[in-house]
Structure formats: structure tokens, C-alpha cells
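J.: I am attaching a structure below and will ask some questions about it afterwards.
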Amino acid sequence: MAQDIPKQTSIVIMGGGVIGASVAWHLADAGCTDVVILERGQLACGTTWHSAGNIIRMSSDPKTAQIYSYGVELLSALHERHNIGWRKCGRVMIARTQERLREFETIAKTLDACGVPIEQVAADVVKDKIPVMHTDDVAGALWSPDDGRVNPNDLVEAYVREAKGRGARLCEGVSVNHALTQNGRVTGVSTSQGDIGCDVVVNCTGLWARDLGLRNDVAIPLYPVEHFYLLTESMEGVYPGMPTWRDPDGLIYGREEVGGLLLGCFDRNALPVRPADLPEPFEFALLNENWDQFMPYLEQGLHRIPLLKDVGVKTLLNGPESFTPDSEPILDVAPNLAGYFVLAGLSSAGVTRSAGMARALARWIADGDPGVDVSAFSLSRFGPEDNDEETLRRKVRDAPSGHFDTGH
Ligand SMILES: Cc1cc2nc3c(=O)[nH]c(=O)nc-3n(C[C@H](O)[C@H](O)[C@H](O)COP(=O)(O)OP(=O)(O)OC[C@H]3O[C@@H](n4cnc5c(N)ncnc54)[C@H](O)[C@@H]3O)c2cc1C
């Protein structure tokens, strides 16, 4: 149900998914408490609620490794206070080829230098950790003991509860139409409940961020694609606390879920989803199962976890997730509209990235300095042609599988 909205505030966060919630938490932590989150449905109702919730600590890029490390720290601290389902189960990332192993060596060196625990291990160690896994073709692996998983909805609740405790306000059932502007800067927002005056807005509307940006001529090149994971009935040998795993050469990943297997993929030739074609409202909603698209990855899964052939499937979850053309998020202020910040296009790692990216954004707003080099996430890396819908639809087709290309 729509709530009363204030007439004036300092900062409006548009969107109450994991990103908007984390931005509110980090703004409050940075001393900015005159903040309102506007969510047109309910918290987490967009993409966040159906996320697999895997939390990554591995990256070949030191800046990203730093962002991820902070995320693991914050999530474990939040779990102490709110039980957000955080489990530090570790992750194995397996290589099928020598080229992949060389990539793993680079990742291991980077993470070592950043003080992140990481080990290069042989196939037999993988087999010990995940006995149901077929490892005859595994050339080697990385073991990251601090990776884990979280319940995304509980994480959102925890971020918002603590932000509200420090003064932030949440208004659900309120849709933002566009930002109000004067002389090239933000002066407020127009919403379904009336106008709110403010100096700063943060666009955290996930897959809808591009369309909302266009209403103020702010180009935010991201686009959703169909994104999948399968959930099975309980399976022998799949145990609570089992490490999460990735098999990048097969474009698949997995973990335990209620005694069964969660098998996900980063598919080639991903299928773009036009946001305007989604039913209204699209809250706690999913796309239809798409077995044709998932089938090559089910085959990879059957190869990797042979017992999969003996268990029933509960569901093939298909949810839209937005990717940018280079699969890096967007964290920036609009070059043509002062006070219009963007944190969106999380490219299938929004839960993992929520803490570190939101901290950088909040510091930028509060102190004028993100505290880390965010140039890789800037809007200026794109040209005007990148926000053309047909160009985006073409480019995002390669974005999910690009995650698992060697050298990414
Ligand atoms: C199948 C699948 C598996 C995934 N697995 C993982 C994983 O294991 N680990 C991981 O880190 N990430 C994972 N992700 C990605 C992660 O879920 C997303 O990156 C993240 O949830 C995006 O959060 P968000 O806040 O940007 O978007 P959303 O959660 O979509 O939030 C945006 C919010 O904005 C609201 N909104 C939109 N327009 C307006 C408006 N005009 N006014 C007001 N509100 C508005 C929407 O209602 C919505 O609630 C997965 C995604 C999918 C689809």
C-alpha cells in the first residue's frame, strides 16, 4: 500500500532492491540520514528476491577484490545482528584447460597480494570437498575459503532496518516518474504520490534504470536478459555447508539448496528482455521456464554432477537481470545533470557487489570522494551509440558468458 511521502529531503534513493537498500545503509553510515527510499512495489520485489545469493571473493582485479572483501566483512557483521543466512562455505572454481589454469595463477597472485586467502588445489581436493562432482577432467582448481552465500531478502531487510534506525525513511508503493530539475541540476522528484524536493537522487532501479534515466536524458546503458538456475529435489551427497562451485569452461555454477542442487549458467547468446514488455506490475515475478535455452547447460551439469540424472526438478527459475555491454556495473554521476547519481547494471553480481559499490557511492555523495578508483564503472566509458536499444540488445547477448571468458 502506498505511504505518505515527505515534501522535502536531502537525498532520494529510487528503488528498494539490494542496491538501494545498501546505498541507504552506507549513506547513514557516512552520516547522511536525511534520506528517503522510494520503492514502487515492496522491498526486494524486482530482481533481488530471486537471486541465488552467492557471495564472491575472487577477482583478477585488485580494486574489485577490495570491494568484494569489504562485502564479506560487512555481511558477516550484519549476520551477527540480524541472521541474514550468511554461510561462509567457501568456493571451488575448477579448470578444464591449461589456459584456464594460467588464468587461475594470475588470480591467485592478485588475491595473495591483496591479503585474500586463496589456494591452488588439485582435482582430488575438489573431490574431497564435493564428492558428487565428476573430477576426471579437472586440471586443477582454486579454493577460496571465504566465499559464501546469503539470503538476499534478509540482507535487504537488514540494510533497511539499520538505515531506518539511523533516520532514513522508506516509502513503498511509490513510483518515481522522473527527476525534477532546474539549471542543469536535480531539485526533486516527481512521484505517483506527488513531488518531493531534494538535492540528490540515486537511480537504483535495476533493470528499469535505463528507462528512468531516459526520462531525464541521462544515458544508462544496461539491458536485462533472461537468467537461469535450476533447483532439484534433495540429492544424495549434496550437504548443507557444501562449498559453492564454478565450472567456467562449462559456463555453469552450483551449490546446495535445501538438500538439493542449485545449478545455474552464464549462457551464450543470452536472450534480451524488453522492460516495456514485462507485465505491470512486475513484482516478485518471474519469466517463463525456457528449457531450450537452458538445455546445453543442463548437459554440462549432468557431466559435472552425474547424479543429477536421478533427481526430480523442482523448477527452472528464469528471472531478468540487467547487464552492461562490458559486464561492469555503472557507478557515476550523470555528466549532464548535477546531483543525479546512478548505481545499476550489476551484471549478475549485485548481491556480492552491494556493500562495496554502495560504500563508494555513499562516500562520493557524503565527502565528494568515493575512496576507491571507480573509473572502470564510469558512464563515460560508453558512447552515445551504446545506449541505442538495438545496439544494447545485441551487445548484452554476449555479456553473461563473457563473465567466464578467460582474462575477464
Ligand atoms: C537468476 C539470477 C541469479 C542471480 N544470482 C546472483 C548471485 O548468486 N550473486 C549475486 O551477487 N547476484 C546474483 N544475481 C544478480 C542480483 O540478483 C542482482 O544484480 C541484484 O538483485 C540487482 O539489484 P538491484 O537493487 O539493482 O535491482 P532490483 O532488485 O531489481 O531493485 C530495483 C528496484 O527498483 C524498483 N523500481 C523500478 N522502477 C521504479 C520507479 N520508477 N520508482 C520506484 N521504484 C522503482 C523495482 O520495483 C525494484 O524493486 C542473480 C540474478 C538472477 C536473475
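Following the order of the C-alpha cells, first chain is A, next is B, and so on, with residues numbered from 1 inside each chain and ligands from 1 in the order they appear.
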Counting only C-alpha atoms, what is within 7 Å of A:Asn203, bar same-chain residues fewer than 5 positions away, as a short mmCIF file (atom, residue, chain, number, x, y, z; two decimals) with C-alpha atoms, in the first residue's frame?

T.:
```
data_model
loop_
_atom_site.label_atom_id
_atom_site.label_comp_id
_atom_site.auth_asym_id
_atom_site.auth_seq_id
_atom_site.Cartn_x
_atom_site.Cartn_y
_atom_site.Cartn_z
CA ILE A 13 17.06 6.73 -3.43
CA MET A 14 14.96 5.46 -6.32
CA ALA A 209 17.27 2.25 -14.57
CA PHE A 341 23.80 9.52 -9.29
CA VAL A 342 23.50 6.03 -10.73
CA LEU A 343 24.31 2.61 -9.28
#
```

J.: Could you give me, as CSV, a per-residue list for chain A showing, wherever an atom lies at most 7 Å from an atom of ligand 1, the closest pair of atoms and their distance in Å to one decimal, using only C-alpha atoms and all ligand atoms and sorting by chain then residue number from low to high?

T.:
```
residue,atom,partner,partner_atom_place_in_ligand_line,distance
A:Met14,CA,ligand 1,43 (C),5.2
A:Gly15,CA,ligand 1,34 (O),3.3
A:Gly16,CA,ligand 1,33 (C),4.8
A:Gly17,CA,ligand 1,25 (O),3.4
A:Val18,CA,ligand 1,25 (O),4.2
A:Ile19,CA,ligand 1,25 (O),3.8
A:Gly20,CA,ligand 1,25 (O),5.6
A:Leu38,CA,ligand 1,43 (C),5.3
A:Glu39,CA,ligand 1,44 (N),3.9
A:Arg40,CA,ligand 1,43 (C),4.1
A:Gly41,CA,ligand 1,47 (O),5.1
A:Gln42,CA,ligand 1,49 (O),6.5
A:Leu43,CA,ligand 1,49 (O),5.8
A:Ala44,CA,ligand 1,49 (O),5.0
A:Cys45,CA,ligand 1,49 (O),4.6
A:Gly46,CA,ligand 1,30 (O),3.6
A:Thr47,CA,ligand 1,30 (O),3.8
A:Thr48,CA,ligand 1,21 (O),3.2
A:Trp49,CA,ligand 1,29 (O),6.8
A:His50,CA,ligand 1,2 (C),6.3
A:Ser51,CA,ligand 1,4 (C),3.9
A:Ala52,CA,ligand 1,8 (O),3.9
A:Gly53,CA,ligand 1,8 (O),4.0
A:Asn54,CA,ligand 1,8 (O),3.6
A:Ile55,CA,ligand 1,9 (N),5.6
A:Val174,CA,ligand 1,43 (C),6.0
A:Ser175,CA,ligand 1,42 (N),3.7
A:Val176,CA,ligand 1,42 (N),3.9
A:Asn177,CA,ligand 1,41 (N),5.8
A:Cys204,CA,ligand 1,26 (O),5.6
A:Thr205,CA,ligand 1,34 (O),3.5
A:Gly206,CA,ligand 1,27 (O),3.6
A:Leu207,CA,ligand 1,30 (O),6.0
A:Trp208,CA,ligand 1,38 (N),5.2
A:Ala209,CA,ligand 1,38 (N),6.9
A:Leu212,CA,ligand 1,41 (N),6.3
A:His227,CA,ligand 1,1 (C),4.8
A:Phe228,CA,ligand 1,1 (C),4.6
A:Tyr229,CA,ligand 1,1 (C),5.6
A:Glu283,CA,ligand 1,47 (O),6.5
A:Leu317,CA,ligand 1,1 (C),6.6
A:Asn318,CA,ligand 1,1 (C),6.1
A:Gly319,CA,ligand 1,53 (C),4.4
A:Pro320,CA,ligand 1,53 (C),5.1
A:Glu321,CA,ligand 1,53 (C),4.5
A:Ala344,CA,ligand 1,26 (O),5.2
A:Gly345,CA,ligand 1,26 (O),6.6
A:Leu346,CA,ligand 1,19 (O),4.6
A:Ser347,CA,ligand 1,19 (O),5.7
A:Ser348,CA,ligand 1,15 (C),3.6
A:Ala349,CA,ligand 1,11 (O),3.3
A:Gly350,CA,ligand 1,19 (O),3.1
A:Val351,CA,ligand 1,11 (O),3.5
A:Thr352,CA,ligand 1,11 (O),3.8
A:Arg353,CA,ligand 1,11 (O),6.2
```

J.: Would you please give, as a VMD selection string, all residues of stretch 244-359 of chain A that DSSP assigns to helix (DSSP H, G or I) based on the backbone?

T.: chain A and resid 248 to 250 275 to 277 291 to 304 306 to 310 350 to 359

J.: Give me, as CSV, each residue of stretch 199-262 of chain A that comes within 8 Å of stretch 118-140 of chain A, together with its shortest interatomic pair and the distance in Å at one decimal, counting only C-alpha atoms, with rows ordered by chain and rising residue number.

T.:
```
residue,atom,partner,partner_atom,distance
A:Gly237,CA,A:Val132,CA,5.8
A:Val238,CA,A:Val132,CA,7.0
A:Met242,CA,A:Ile130,CA,6.8
A:Pro243,CA,A:Lys129,CA,7.1
```

J.: Dump C-alpha atoms for the selected residues as a compact mmCIF listing (two decimals), in the first residue's frame?

T.:
```
# COMPACT_ATOMS: atom_id res chain seq x y z
CA GLY A 237 25.79 -36.36 -1.35
CA VAL A 238 24.68 -32.73 -1.54
CA MET A 242 28.91 -27.77 0.77
CA PRO A 243 31.13 -25.22 -0.99
```

J.: Got a sec: who's within 12 Å of A:Val258, counting only C-alpha atoms, leaving out chain neighbours fewer than 4 positions off, as a list in words?

T.: Leu231, Thr232, Glu233, Ser234, Met235, Glu236, Val238, Tyr239, Pro240, Gly241, Met242, Leu262 and Lys314 of chain A

J.: Check the smallest atom-to-atom distance from each of A:Ala65, A:Ile56, A:Val374, A:Ala270 to A:Val116 using only C-alpha atoms, then report the winner.

T.: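 Selected residue with least distance to A:Val116: A:Ala65.
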
J.: Could you tell me how far atom CA of A:Cys89 sits from atom CA of A:Asp405, in Å to one decimal place?

T.: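 About the pair atom CA of A:Asp405 and atom CA of A:Cys89: they are 24.8 Å apart.
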
J.: A:Phe266: which residues within 8 Å, counting only C-alpha atoms, same-chain residues fewer than 3 positions away excluded, as a list of chain:residue names?

T.: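 That gives A:His227, A:Leu251, A:Ile252, A:Pro400, A:Ser401, A:His403, A:Phe404.
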
J.: Could those residues be written to a file, using C-alpha atoms, as a compact mmCIF listing (two decimals), in the first residue's frame?

T.:
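Output contents, as saved in selection-v2.txt:
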```txt
# COMPACT_ATOMS: atom_id res chain seq x y z
CA HIS A 227 18.97 -15.50 -16.49
CA LEU A 251 29.60 -21.88 -18.19
CA ILE A 252 27.90 -23.35 -15.10
CA PRO A 400 26.71 -13.31 -19.28
CA SER A 401 29.11 -15.78 -20.93
CA HIS A 403 31.91 -13.36 -17.24
CA PHE A 404 33.56 -16.73 -17.70
```
